[in-house]
file input-v1.txt (compact mmCIF, C-alpha atoms)
# COMPACT_ATOMS: atom_id res chain seq x y z
CA MET A 1 -36.24 6.04 -8.84
CA PRO A 2 -38.78 4.22 -6.66
CA ALA A 3 -37.84 1.30 -4.45
CA SER A 4 -39.98 -1.03 -6.55
CA PRO A 5 -39.54 -4.82 -6.63
CA SER A 6 -38.14 -4.67 -10.18
CA TRP A 7 -35.66 -1.96 -9.17
CA LEU A 8 -34.47 -3.99 -6.18
CA LEU A 9 -34.29 -7.13 -8.32
CA LEU A 10 -31.96 -5.45 -10.81
CA LEU A 11 -29.75 -4.04 -8.03
CA GLY A 12 -29.72 -7.46 -6.37
CA CYS A 13 -28.55 -9.09 -9.61
CA LEU A 14 -25.72 -6.55 -9.86
CA ILE A 15 -24.61 -7.31 -6.30
CA ALA A 16 -24.91 -11.05 -7.00
CA LEU A 17 -22.23 -10.93 -9.73
CA GLY A 18 -19.54 -10.92 -7.05
CA PRO A 19 -20.90 -13.81 -4.95
CA LEU A 20 -21.58 -15.71 -8.18
CA ALA A 21 -17.94 -15.36 -9.20
CA ILE A 22 -16.76 -16.37 -5.72
CA ASP A 23 -19.08 -19.23 -4.82
CA MET A 24 -19.78 -20.92 -8.12
CA TYR A 25 -16.26 -22.24 -8.67
CA LEU A 26 -15.55 -23.37 -5.09
CA PRO A 27 -16.54 -27.01 -5.82
CA ALA A 28 -14.10 -26.92 -8.77
CA PHE A 29 -10.99 -26.26 -6.64
CA PRO A 30 -9.82 -29.91 -6.80
CA ALA A 31 -10.40 -30.07 -10.57
CA ILE A 32 -8.60 -26.77 -11.19
CA GLU A 33 -5.61 -27.87 -9.11
CA ALA A 34 -5.51 -31.24 -10.86
CA GLU A 35 -5.09 -29.47 -14.22
CA LEU A 36 -3.25 -26.24 -13.37
CA GLY A 37 -1.38 -27.10 -10.17
CA SER A 38 -1.89 -26.48 -6.45
CA GLY A 39 -2.78 -23.08 -5.05
CA ALA A 40 -6.35 -22.52 -6.28
CA GLN A 41 -7.07 -20.46 -3.17
CA LEU A 42 -4.70 -17.80 -4.52
CA THR A 43 -7.17 -17.16 -7.33
CA LEU A 44 -9.65 -16.26 -4.60
CA SER A 45 -7.12 -13.91 -3.02
CA GLY A 46 -6.57 -12.30 -6.43
CA PHE A 47 -10.30 -11.78 -6.77
CA PHE A 48 -10.48 -10.07 -3.38
CA ALA A 49 -7.54 -7.85 -4.34
CA GLY A 50 -9.40 -6.77 -7.47
CA LEU A 51 -12.46 -5.95 -5.40
CA VAL A 52 -10.40 -3.73 -3.09
CA ILE A 53 -8.75 -1.72 -5.86
CA GLY A 54 -11.84 -1.48 -8.05
CA GLN A 55 -14.11 -0.21 -5.31
CA LEU A 56 -11.69 2.57 -4.40
CA VAL A 57 -11.88 3.71 -8.03
CA TYR A 58 -15.57 3.37 -8.85
CA GLY A 59 -16.94 5.27 -5.83
CA PRO A 60 -15.19 8.63 -6.40
CA ILE A 61 -15.73 8.39 -10.17
CA SER A 62 -19.45 7.82 -9.62
CA ASP A 63 -19.66 10.93 -7.41
CA ARG A 64 -18.40 12.87 -10.45
CA VAL A 65 -20.10 11.19 -13.46
CA GLY A 66 -23.04 9.37 -11.88
CA ARG A 67 -23.70 5.72 -11.07
CA ARG A 68 -24.99 4.29 -14.37
CA ARG A 69 -21.96 4.59 -16.67
CA PRO A 70 -19.45 2.98 -14.27
CA ILE A 71 -21.87 0.08 -13.73
CA LEU A 72 -22.15 -0.51 -17.49
CA VAL A 73 -18.36 -0.46 -17.89
CA GLY A 74 -17.99 -2.88 -14.99
CA THR A 75 -20.38 -5.44 -16.43
CA VAL A 76 -18.45 -5.40 -19.74
CA ILE A 77 -15.14 -6.02 -17.93
CA TYR A 78 -16.70 -8.82 -15.87
CA THR A 79 -18.16 -10.53 -18.94
CA LEU A 80 -14.94 -10.41 -20.99
CA ALA A 81 -12.75 -11.61 -18.10
CA SER A 82 -15.15 -14.50 -17.39
CA LEU A 83 -15.12 -15.65 -21.00
CA ALA A 84 -11.32 -15.32 -21.23
CA SER A 85 -10.98 -17.55 -18.14
CA THR A 86 -12.28 -20.46 -20.19
CA GLN A 87 -9.06 -20.38 -22.25
CA VAL A 88 -6.36 -20.32 -19.53
CA THR A 89 -3.54 -22.85 -19.38
CA SER A 90 -1.88 -21.80 -16.10
CA LEU A 91 -2.94 -20.92 -12.58
CA GLU A 92 -1.17 -17.55 -12.89
CA ALA A 93 -3.26 -16.63 -15.93
CA LEU A 94 -6.44 -17.64 -14.13
CA ALA A 95 -5.48 -15.54 -11.10
CA ALA A 96 -4.85 -12.51 -13.35
CA LEU A 97 -8.21 -12.90 -15.07
CA ARG A 98 -9.92 -13.37 -11.72
CA PHE A 99 -8.42 -10.01 -10.72
CA LEU A 100 -9.96 -8.41 -13.83
CA GLN A 101 -13.23 -10.23 -13.21
CA ALA A 102 -13.34 -8.65 -9.75
CA LEU A 103 -12.64 -5.19 -11.18
CA GLY A 104 -15.79 -5.59 -13.22
CA ALA A 105 -17.97 -7.18 -10.54
CA CYS A 106 -17.21 -4.59 -7.87
CA ALA A 107 -18.80 -1.74 -9.88
CA GLY A 108 -22.25 -3.14 -9.19
CA MET A 109 -21.37 -4.30 -5.70
CA VAL A 110 -20.32 -0.86 -4.46
CA LEU A 111 -22.55 1.42 -6.51
CA THR A 112 -25.79 -0.37 -5.64
CA ARG A 113 -25.24 0.80 -2.04
CA ALA A 114 -24.74 4.34 -3.32
CA ILE A 115 -27.88 4.11 -5.48
CA VAL A 116 -29.95 2.94 -2.51
CA ARG A 117 -28.63 5.84 -0.43
CA ASP A 118 -29.31 8.28 -3.29
CA CYS A 119 -32.96 7.25 -3.29
CA CYS A 120 -33.75 6.37 0.35
CA LYS A 121 -33.42 7.80 3.84
CA VAL A 122 -31.47 5.84 6.44
CA ARG A 123 -34.20 3.52 7.77
CA ALA A 124 -35.59 2.92 4.28
CA ALA A 125 -32.04 2.33 3.04
CA ALA A 126 -31.47 -0.34 5.70
CA GLN A 127 -34.79 -1.97 4.78
CA ALA A 128 -33.94 -1.86 1.05
CA GLN A 129 -30.53 -3.40 1.71
CA SER A 130 -32.19 -6.12 3.75
CA ARG A 131 -34.45 -6.84 0.78
CA LEU A 132 -31.41 -6.91 -1.48
CA MET A 133 -29.99 -9.66 0.73
CA LEU A 134 -32.95 -11.80 -0.36
CA VAL A 135 -31.88 -11.50 -3.99
CA MET A 136 -28.12 -11.62 -3.57
CA GLY A 137 -28.44 -14.37 -0.97
CA LEU A 138 -29.73 -16.70 -3.64
CA ALA A 139 -26.28 -16.58 -5.29
CA PRO A 140 -24.51 -18.51 -2.47
CA ILE A 141 -27.37 -21.03 -2.50
CA LEU A 142 -27.59 -21.55 -6.24
CA ALA A 143 -23.99 -20.89 -7.31
CA PRO A 144 -22.23 -23.87 -5.66
CA THR A 145 -25.11 -26.11 -6.63
CA LEU A 146 -24.92 -24.94 -10.23
CA GLY A 147 -21.13 -25.24 -10.16
CA GLY A 148 -21.38 -28.81 -8.85
CA TRP A 149 -23.97 -29.67 -11.50
CA LEU A 150 -21.76 -28.26 -14.28
CA LEU A 151 -18.83 -30.31 -12.97
CA GLN A 152 -20.94 -33.44 -13.34
CA HIS A 153 -21.67 -32.67 -17.01
CA ALA A 154 -18.68 -30.63 -18.20
CA GLU A 155 -15.20 -29.52 -17.16
CA TRP A 156 -14.55 -26.65 -14.77
CA ARG A 157 -14.16 -24.12 -17.62
CA ALA A 158 -17.92 -24.29 -18.20
CA ILE A 159 -18.36 -22.50 -14.87
CA PHE A 160 -16.64 -19.38 -16.20
CA MET A 161 -18.61 -19.58 -19.43
CA ALA A 162 -21.81 -19.49 -17.36
CA GLN A 163 -20.51 -16.51 -15.39
CA GLY A 164 -19.77 -14.66 -18.64
CA ILE A 165 -23.28 -15.30 -19.93
CA ALA A 166 -24.76 -14.05 -16.64
CA GLY A 167 -22.65 -10.90 -16.82
CA ALA A 168 -23.78 -10.19 -20.37
CA LEU A 169 -27.46 -10.63 -19.52
CA ILE A 170 -27.26 -8.40 -16.43
CA GLY A 171 -25.32 -5.78 -18.41
CA LEU A 172 -28.03 -5.69 -21.06
CA ALA A 173 -30.71 -5.35 -18.39
CA CYS A 174 -28.85 -2.37 -16.90
CA LEU A 175 -28.42 -0.79 -20.33
CA PHE A 176 -32.15 -0.73 -20.95
CA SER A 177 -33.63 -0.52 -17.43
CA LEU A 178 -31.23 1.18 -15.00
CA ASN A 179 -31.86 4.91 -14.60
CA GLU A 180 -29.35 7.41 -13.21
CA SER A 181 -29.89 8.04 -9.47
CA LEU A 182 -27.45 10.93 -8.93
CA PRO A 183 -28.68 14.17 -10.55
CA PRO A 184 -26.04 16.52 -12.07
CA GLU A 185 -26.55 19.20 -9.41
CA LYS A 186 -25.44 16.74 -6.68
CA ARG A 187 -22.26 15.59 -8.43
CA HIS A 188 -18.74 16.73 -7.60
CA HIS A 189 -17.35 19.20 -10.10
CA THR A 190 -13.73 18.07 -9.76
CA LEU A 191 -12.06 14.67 -9.72
CA SER A 192 -8.38 14.78 -8.78
CA ILE A 193 -6.03 12.49 -6.90
CA PRO A 194 -5.38 15.06 -4.11
CA GLN A 195 -9.12 15.61 -3.63
CA ILE A 196 -9.86 11.88 -3.60
CA THR A 197 -7.04 11.31 -1.10
CA HIS A 198 -8.35 14.11 1.11
CA ASN A 199 -11.89 12.68 1.01
CA PHE A 200 -10.74 9.18 1.91
CA GLY A 201 -8.60 10.59 4.73
CA ALA A 202 -11.60 12.42 6.15
CA LEU A 203 -13.61 9.19 6.02
CA LEU A 204 -10.89 7.25 7.82
CA ARG A 205 -10.87 9.88 10.59
CA HIS A 206 -14.66 9.84 10.99
CA ARG A 207 -15.12 7.73 14.10
CA TYR A 208 -18.81 6.94 13.74
CA TYR A 209 -18.50 6.05 10.03
CA MET A 210 -15.44 3.87 10.70
CA GLY A 211 -17.12 2.18 13.66
CA CYS A 212 -20.06 1.19 11.46
CA THR A 213 -17.80 0.19 8.57
CA LEU A 214 -15.57 -2.01 10.74
CA SER A 215 -18.54 -3.60 12.52
CA SER A 216 -19.79 -4.80 9.14
CA GLY A 217 -16.44 -5.35 7.41
CA LEU A 218 -14.77 -7.38 10.13
CA THR A 219 -17.78 -9.67 10.50
CA LEU A 220 -17.79 -10.16 6.73
CA THR A 221 -14.11 -11.04 7.00
CA GLY A 222 -15.17 -14.02 9.09
CA MET A 223 -17.66 -14.98 6.40
CA PHE A 224 -15.04 -14.76 3.65
CA ALA A 225 -12.69 -16.83 5.78
CA TYR A 226 -15.46 -19.41 5.87
CA ILE A 227 -15.80 -19.18 2.06
CA ALA A 228 -12.05 -19.58 1.51
CA GLY A 229 -11.38 -22.19 4.19
CA SER A 230 -14.51 -24.31 4.29
CA PRO A 231 -13.85 -26.38 1.12
CA ALA A 232 -10.62 -27.77 2.57
CA VAL A 233 -12.09 -28.36 6.03
CA LEU A 234 -15.48 -29.74 5.03
CA ILE A 235 -14.47 -31.74 1.95
CA THR A 236 -11.03 -32.94 3.09
CA GLN A 237 -11.43 -33.23 6.86
CA TYR A 238 -15.10 -34.12 7.22
CA GLY A 239 -15.41 -36.00 3.92
CA LEU A 240 -18.25 -34.10 2.25
CA SER A 241 -18.63 -34.57 -1.50
CA PRO A 242 -18.72 -31.45 -3.71
CA GLN A 243 -22.48 -31.86 -4.03
CA GLU A 244 -22.93 -32.26 -0.25
CA PHE A 245 -20.72 -29.21 0.29
CA ALA A 246 -22.94 -27.22 -2.09
CA VAL A 247 -26.03 -28.19 -0.07
CA PHE A 248 -24.31 -27.27 3.20
CA PHE A 249 -23.24 -23.95 1.72
CA GLY A 250 -26.77 -23.28 0.51
CA VAL A 251 -28.34 -23.97 3.91
CA ASN A 252 -26.11 -21.36 5.53
CA ALA A 253 -26.93 -18.86 2.80
CA ALA A 254 -30.63 -19.54 3.37
CA GLY A 255 -30.17 -18.63 7.03
CA PHE A 256 -28.59 -15.35 5.93
CA ILE A 257 -31.58 -14.64 3.67
CA VAL A 258 -34.14 -15.36 6.38
CA THR A 259 -32.47 -13.15 8.99
CA SER A 260 -32.10 -10.28 6.54
CA GLN A 261 -35.86 -10.38 5.93
CA VAL A 262 -36.55 -10.57 9.66
CA ASN A 263 -34.30 -7.52 10.00
CA ALA A 264 -36.41 -5.58 7.48
CA TRP A 265 -39.52 -6.47 9.52
CA LEU A 266 -37.87 -5.45 12.80
CA LEU A 267 -36.87 -2.09 11.38
CA LYS A 268 -40.55 -1.17 11.16
CA ARG A 269 -40.69 -1.30 14.96
CA HIS A 270 -37.16 -0.79 16.26
CA HIS A 271 -34.14 1.33 15.49
CA MET A 272 -31.22 -0.35 13.76
CA LEU A 273 -28.57 0.43 16.39
CA PRO A 274 -29.88 -1.86 19.18
CA ILE A 275 -30.47 -4.59 16.58
CA LEU A 276 -26.86 -4.24 15.45
CA ASN A 277 -25.49 -4.17 19.00
CA ARG A 278 -27.21 -7.37 20.06
CA SER A 279 -26.52 -9.23 16.83
CA LEU A 280 -22.76 -8.76 17.09
CA TRP A 281 -22.69 -11.10 20.09
CA VAL A 282 -23.76 -14.06 17.94
CA PRO A 283 -20.79 -14.45 15.54
CA MET A 284 -18.34 -13.76 18.34
CA LEU A 285 -19.75 -16.44 20.64
CA ALA A 286 -20.24 -18.94 17.81
CA SER A 287 -16.68 -18.63 16.49
CA LEU A 288 -15.12 -18.72 19.96
CA ALA A 289 -17.14 -21.85 20.74
CA ALA A 290 -15.87 -23.49 17.53
CA LEU A 291 -12.28 -22.49 18.33
CA THR A 292 -12.55 -23.88 21.85
CA ALA A 293 -14.15 -27.15 20.70
CA ASN A 294 -11.45 -27.58 18.06
CA HIS A 295 -8.74 -27.06 20.69
CA TYR A 296 -10.20 -29.87 22.80
CA GLN A 297 -10.73 -32.06 19.69
CA ALA A 298 -14.49 -31.97 20.28
CA LEU A 299 -15.52 -30.15 17.08
CA SER A 300 -17.80 -32.75 15.54
CA PHE A 301 -19.39 -32.02 12.19
CA PRO A 302 -22.92 -31.47 13.63
CA LEU A 303 -21.55 -28.97 16.19
CA PHE A 304 -19.42 -27.21 13.58
CA ALA A 305 -22.39 -27.02 11.20
CA VAL A 306 -24.63 -25.39 13.84
CA LEU A 307 -21.97 -22.85 14.85
CA LEU A 308 -21.21 -21.93 11.23
CA PHE A 309 -24.93 -21.49 10.58
CA MET A 310 -25.23 -19.15 13.57
CA PHE A 311 -22.26 -17.10 12.36
CA ILE A 312 -23.47 -16.69 8.77
CA ALA A 313 -27.13 -16.12 9.68
CA SER A 314 -26.24 -13.28 12.06
CA LEU A 315 -24.90 -11.26 9.11
CA GLY A 316 -28.48 -10.61 8.00
CA PHE A 317 -28.89 -8.38 11.05
CA ILE A 318 -25.41 -6.84 11.00
CA VAL A 319 -24.52 -5.90 7.42
CA PRO A 320 -27.60 -3.92 6.28
CA ASN A 321 -27.83 -1.88 9.47
CA ALA A 322 -24.13 -1.07 9.86
CA SER A 323 -23.80 -0.18 6.18
CA ALA A 324 -26.83 2.13 6.13
CA MET A 325 -25.84 3.86 9.37
CA GLY A 326 -22.33 4.49 8.12
CA LEU A 327 -23.40 5.89 4.73
CA ASP A 328 -25.94 8.18 6.40
CA THR A 329 -23.08 10.18 7.91
CA GLN A 330 -21.65 10.96 4.43
CA LYS A 331 -24.46 12.51 2.41
CA GLN A 332 -22.08 14.62 0.26
CA GLN A 333 -19.83 11.77 -0.88
CA VAL A 334 -21.94 8.64 -0.77
CA GLY A 335 -20.03 6.99 -3.63
CA ALA A 336 -16.65 7.41 -1.95
CA ALA A 337 -18.07 6.29 1.41
CA ALA A 338 -19.61 3.17 -0.15
CA SER A 339 -16.39 2.39 -2.01
CA LEU A 340 -14.30 2.66 1.15
CA GLN A 341 -16.74 0.40 2.98
CA GLY A 342 -16.40 -2.23 0.27
CA ALA A 343 -12.64 -1.81 -0.14
CA LEU A 344 -11.93 -2.26 3.56
CA GLN A 345 -14.21 -5.28 3.68
CA PHE A 346 -12.46 -7.04 0.83
CA LEU A 347 -8.97 -5.95 1.88
CA LEU A 348 -9.57 -7.78 5.14
CA ALA A 349 -11.11 -10.67 3.20
CA ALA A 350 -8.03 -10.89 0.96
CA VAL A 351 -5.77 -11.02 4.02
CA ALA A 352 -7.91 -13.78 5.54
CA ALA A 353 -7.99 -15.81 2.31
CA THR A 354 -4.23 -15.49 1.82
CA LEU A 355 -3.56 -16.49 5.42
CA LEU A 356 -5.76 -19.56 5.10
CA SER A 357 -4.10 -20.54 1.80
CA GLN A 358 -0.66 -20.49 3.45
CA TRP A 359 -1.57 -21.91 6.87
CA GLN A 360 -2.50 -25.54 6.42
CA THR A 361 -3.20 -27.90 9.34
CA HIS A 362 -5.05 -31.17 9.74
CA ASP A 363 -7.92 -29.56 11.67
CA ALA A 364 -10.15 -26.47 11.65
CA LEU A 365 -7.75 -24.31 13.71
CA PRO A 366 -6.87 -21.76 10.98
CA LEU A 367 -10.49 -21.26 9.98
CA THR A 368 -11.93 -21.00 13.49
CA LEU A 369 -9.11 -18.74 14.69
CA VAL A 370 -9.48 -16.27 11.81
CA MET A 371 -13.26 -16.19 12.26
CA SER A 372 -12.83 -15.62 16.00
CA VAL A 373 -10.35 -12.76 15.59
CA ALA A 374 -12.59 -11.12 12.98
CA SER A 375 -15.79 -11.33 15.03
CA VAL A 376 -14.18 -10.21 18.30
CA SER A 377 -12.63 -7.25 16.45
CA ALA A 378 -16.04 -6.36 14.96
CA PHE A 379 -17.58 -6.43 18.43
CA LEU A 380 -14.85 -4.13 19.78
CA ALA A 381 -15.18 -1.76 16.81
CA ASN A 382 -18.88 -1.46 17.54
CA ARG A 383 -18.19 -0.65 21.19
CA TRP A 384 -15.60 1.93 20.10
CA MET A 385 -18.25 3.59 17.96
CA LEU A 386 -20.77 3.53 20.80
CA SER A 387 -18.41 5.37 23.12
CA THR A 388 -19.19 8.57 21.20
CA ALA A 389 -22.61 7.74 19.71
CA THR A 390 -25.54 9.56 21.32
CA GLU A 391 -29.22 9.40 20.49
CA ALA A 392 -28.75 12.52 18.35
CA THR A 393 -25.95 10.75 16.48
CA TRP A 394 -27.87 7.69 15.41
CA ARG A 395 -31.39 9.02 14.95
CA LEU A 396 -30.44 10.29 11.52
CA ASP A 397 -32.10 11.74 8.46
CA GLY A 398 -35.62 11.93 9.76
CA ASP A 399 -35.50 8.40 11.18

call {"tool": "encode", "arguments": {"input": "input-v1.txt", "output": "structure tokens"}}
result
Amino acid sequence: MPASPSWLLLLGCLIALGPLAIDMYLPAFPAIEAELGSGAQLTLSGFFAGLVIGQLVYGPISDRVGRRRPILVGTVIYTLASLASTQVTSLEALAALRFLQALGACAGMVLTRAIVRDCCKVRAAAQAQSRLMLVMGLAPILAPTLGGWLLQHAEWRAIFMAQGIAGALIGLACLFSLNESLPPEKRHHTLSIPQITHNFGALLRHRYYMGCTLSSGLTLTGMFAYIAGSPAVLITQYGLSPQEFAVFFGVNAAGFIVTSQVNAWLLKRHHMLPILNRSLWVPMLASLAALTANHYQALSFPLFAVLLFMFIASLGFIVPNASAMGLDTQKQQVGAAASLQGALQFLLAAVAATLLSQWQTHDALPLTLVMSVASVSAFLANRWMLSTATEATWRLDGD
């Protein structure tokens, strides 16, 4: 399967199902709570929980049966759960359907990484994932804007109807256009709980793989804290309208897109490890600066906006490189390795979202503190990995 623009576009659309489900309904939080009661952030936590569980399942299954069939099943689950969400009458029912929606969305989110690794060597995989950021990055730009537009013309349930339609269209595109990337001779012959447990245990003990995974996952935790906590801070504290919030959200996503494309260009001239090492300073310094300014009551909106932009934009250098380097160490179980990467990322994201939903203050302290802890931890995880990484370790797969 060549890394053609149409191939990357389809994989990008699969990845975008998750961000679409997360970002599109953020402007509807006040409307959902007005009808179903307070606690809309818990539906986000439920979504993250579904992503964690689903990714642990899809990866090992795909190593046994291939990538295509689990993706098709996932898009069906996503579509049905999205459409059913238009009929809910309680917040608990919406949270349950959001969990199912995540179980469907995560098939594409995790298995696209495995497909890229099936087809590309490590440097090409990092470049392909950077290109995928261009496609999937449009979701955070367009989704809140589309959600805000739908709220102007219809009730919040229309958002889930739109998500269901998107899932159906992407599922049909996969049915007719997505080829299998894992040939039968490379698949595992057995699929048992003891074997899966053993494989995940080996991954957790692999220092280089875990260093890469945590470098990416912990930084993404800061981003998901921003996703979960920014509506309350920016709309309630700083007084942004839902439409202004959507524009702000889109600008940050645009920064993420631009840096991911710069990363793909840099990879033609430099190795990914030094790019990753230097980039991890940015979210750490930006979040610590926001935390310090908030402590001294000096966190104005312009300052906060610049620091958030720096944090989110830096992910374009961090996520593709750390993900590709980690998967390159696991050539015999790429599906399981990709699923553990995604599961750990969203487990941490679920913890962050739940913490922010329960810890309410009149300032940005919860948000800036969670982002600071996540980014500092990512920096330390990277340094832990480097303590054993040699040139032979990271010049992998013919790179």

call {"tool": "atom_distance", "arguments": {"input": "input-v1.txt", "atom1": "CA of Leu218 (chain A)", "atom2": "CA of Gln195 (chain A)"}}
result
27.4 Å

call {"tool": "closest_residue", "arguments": {"input": "input-v1.txt", "among": "A:Leu20, A:Ala349, A:Met272, A:Ala336", "to": "Pro60 (chain A)", "atoms": "only C-alpha atoms"}}
result
A:Ala336

call {"tool": "residues_around", "arguments": {"input": "input-v1.txt", "residues": "Glu244 (chain A)", "least_positions_apart": "6", "cutoff": "12 Å", "atoms": "only C-alpha atoms", "output": "PyMOL selection string"}}
result
chain A and resi 27+144-145+148-149+231+234-235+238+250-251

call {"tool": "atom_distance", "arguments": {"input": "input-v1.txt", "atom1": "CA of Thr221 (chain A)", "atom2": "CA of Ser314 (chain A)"}}
result
13.3 Å

call {"tool": "residues_around", "arguments": {"input": "input-v1.txt", "residues": "Arg187 (chain A)", "least_positions_apart": "4", "cutoff": "9 Å", "atoms": "only C-alpha atoms", "output": "compact mmCIF listing (two decimals) with C-alpha atoms, keeping the file's coordinate frame"}}
result
# COMPACT_ATOMS: atom_id res chain seq x y z
CA SER A 62 -19.45 7.82 -9.62
CA ASP A 63 -19.66 10.93 -7.41
CA ARG A 64 -18.40 12.87 -10.45
CA VAL A 65 -20.10 11.19 -13.46
CA GLY A 66 -23.04 9.37 -11.88
CA LEU A 182 -27.45 10.93 -8.93
CA PRO A 183 -28.68 14.17 -10.55
CA GLN A 332 -22.08 14.62 0.26
CA GLN A 333 -19.83 11.77 -0.88

call {"tool": "residues_near_point", "arguments": {"input": "input-v1.txt", "point": "(-9.7, -14.5, 5.1)", "cutoff": "10 Å", "atoms": "all atoms listed in the file", "output": "NGL selection string"}}
result
:A and (44-45 or 48 or 220-229 or 346-357 or 366-367 or 370-371 or 374)

call {"tool": "atom_distance", "arguments": {"input": "input-v1.txt", "atom1": "CA of Gln330 (chain A)", "atom2": "CA of Cys212 (chain A)"}}
result
12.1 Å

call {"tool": "closest_residue", "arguments": {"input": "input-v1.txt", "among": "A:Ile257, A:Cys174, A:Val88, A:Ala128", "to": "Ile71 (chain A)", "atoms": "all atoms listed in the file"}}
result
A:Cys174

call {"tool": "closest_residue", "arguments": {"input": "input-v1.txt", "among": "A:Ala232, A:Ala298, A:Ala84, A:Leu10", "to": "Arg131 (chain A)", "atoms": "all atoms listed in the file"}}
result
A:Leu10

call {"tool": "closest_residue", "arguments": {"input": "input-v1.txt", "among": "A:Leu150, A:Leu386, A:Leu83, A:Ala364", "to": "Pro242 (chain A)", "atoms": "all atoms listed in the file"}}
result
A:Leu150

call {"tool": "residues_around", "arguments": {"input": "input-v1.txt", "residues": "Phe311 (chain A)", "least_positions_apart": "2", "cutoff": "12 Å", "atoms": "all atoms listed in the file", "output": "VMD selection string"}}
result
chain A and resid 219 to 226 252 to 253 255 to 256 259 279 to 290 304 to 309 313 to 318 368 371 to 372 374 to 375

call {"tool": "write_last_selection", "arguments": {"input": "input-v1.txt", "atoms": "C-alpha atoms", "output": "CSV table (one decimal), in the frame of the given file"}}
result
chain,number,residue,atom,x,y,z
A,219,THR,CA,-17.8,-9.7,10.5
A,220,LEU,CA,-17.8,-10.2,6.7
A,221,THR,CA,-14.1,-11.0,7.0
A,222,GLY,CA,-15.2,-14.0,9.1
A,223,MET,CA,-17.7,-15.0,6.4
A,224,PHE,CA,-15.0,-14.8,3.6
A,225,ALA,CA,-12.7,-16.8,5.8
A,226,TYR,CA,-15.5,-19.4,5.9
A,252,ASN,CA,-26.1,-21.4,5.5
A,253,ALA,CA,-26.9,-18.9,2.8
A,255,GLY,CA,-30.2,-18.6,7.0
A,256,PHE,CA,-28.6,-15.4,5.9
A,259,THR,CA,-32.5,-13.2,9.0
A,279,SER,CA,-26.5,-9.2,16.8
A,280,LEU,CA,-22.8,-8.8,17.1
A,281,TRP,CA,-22.7,-11.1,20.1
A,282,VAL,CA,-23.8,-14.1,17.9
A,283,PRO,CA,-20.8,-14.4,15.5
A,284,MET,CA,-18.3,-13.8,18.3
A,285,LEU,CA,-19.8,-16.4,20.6
A,286,ALA,CA,-20.2,-18.9,17.8
A,287,SER,CA,-16.7,-18.6,16.5
A,288,LEU,CA,-15.1,-18.7,20.0
A,289,ALA,CA,-17.1,-21.8,20.7
A,290,ALA,CA,-15.9,-23.5,17.5
A,304,PHE,CA,-19.4,-27.2,13.6
A,305,ALA,CA,-22.4,-27.0,11.2
A,306,VAL,CA,-24.6,-25.4,13.8
A,307,LEU,CA,-22.0,-22.8,14.8
A,308,LEU,CA,-21.2,-21.9,11.2
A,309,PHE,CA,-24.9,-21.5,10.6
A,313,ALA,CA,-27.1,-16.1,9.7
A,314,SER,CA,-26.2,-13.3,12.1
A,315,LEU,CA,-24.9,-11.3,9.1
A,316,GLY,CA,-28.5,-10.6,8.0
A,317,PHE,CA,-28.9,-8.4,11.0
A,318,ILE,CA,-25.4,-6.8,11.0
A,368,THR,CA,-11.9,-21.0,13.5
A,371,MET,CA,-13.3,-16.2,12.3
A,372,SER,CA,-12.8,-15.6,16.0
A,374,ALA,CA,-12.6,-11.1,13.0
A,375,SER,CA,-15.8,-11.3,15.0

call {"tool": "residues_around", "arguments": {"input": "input-v1.txt", "residues": "Phe99 (chain A)", "least_positions_apart": "4", "cutoff": "6 Å", "atoms": "all atoms listed in the file", "output": "PyMOL selection string"}}
result
chain A and resi 46-47+50

call {"tool": "write_last_selection", "arguments": {"input": "input-v1.txt", "atoms": "C-alpha atoms", "output": "mmCIF file, in the frame of the given file"}}
result
data_model
loop_
_atom_site.group_PDB
_atom_site.id
_atom_site.type_symbol
_atom_site.label_atom_id
_atom_site.label_comp_id
_atom_site.auth_asym_id
_atom_site.auth_seq_id
_atom_site.Cartn_x
_atom_site.Cartn_y
_atom_site.Cartn_z
ATOM 1 C CA GLY A 46 -6.570 -12.300 -6.430
ATOM 2 C CA PHE A 47 -10.300 -11.780 -6.770
ATOM 3 C CA GLY A 50 -9.400 -6.770 -7.470
#

call {"tool": "closest_atom_pairs", "arguments": {"input": "input-v1.txt", "of": "region 22-124 of chain A", "to": "region 13-16 of chain A", "cutoff": "10 Å", "atoms": "all atoms listed in the file", "output": "Markdown table"}}
result
| residue | atom | partner | partner_atom | distance |
| --- | --- | --- | --- | --- |
| A:Ile22 | CA | A:Ala16 | CA | 9.8 |
| A:Ile71 | CA | A:Leu14 | CA | 8.6 |
| A:Gly74 | CA | A:Leu14 | CA | 10.0 |
| A:Thr75 | CA | A:Leu14 | CA | 8.5 |
| A:Ala105 | CA | A:Leu14 | CA | 7.8 |
| A:Cys106 | CA | A:Ile15 | CA | 8.0 |
| A:Ala107 | CA | A:Leu14 | CA | 8.4 |
| A:Gly108 | CA | A:Leu14 | CA | 4.9 |
| A:Met109 | CA | A:Ile15 | CA | 4.5 |
| A:Val110 | CA | A:Ile15 | CA | 8.0 |
| A:Leu111 | CA | A:Ile15 | CA | 9.0 |
| A:Thr112 | CA | A:Ile15 | CA | 7.1 |
| A:Arg113 | CA | A:Ile15 | CA | 9.2 |

call {"tool": "closest_residue", "arguments": {"input": "input-v1.txt", "among": "A:Gln41, A:Ser323, A:Ser177, A:Ser6", "to": "Ser230 (chain A)", "atoms": "all atoms listed in the file"}}
result
A:Gln41

call {"tool": "closest_atom_pairs", "arguments": {"input": "input-v1.txt", "of": "region 84-106 of chain A", "to": "region 153-156 of chain A", "cutoff": "12 Å", "atoms": "only C-alpha atoms", "output": "Markdown table"}}
result
| residue | atom | partner | partner_atom | distance |
| --- | --- | --- | --- | --- |
| A:Ser85 | CA | A:Trp156 | CA | 10.3 |
| A:Thr86 | CA | A:Trp156 | CA | 8.5 |
| A:Gln87 | CA | A:Trp156 | CA | 11.2 |
| A:Val88 | CA | A:Trp156 | CA | 11.4 |
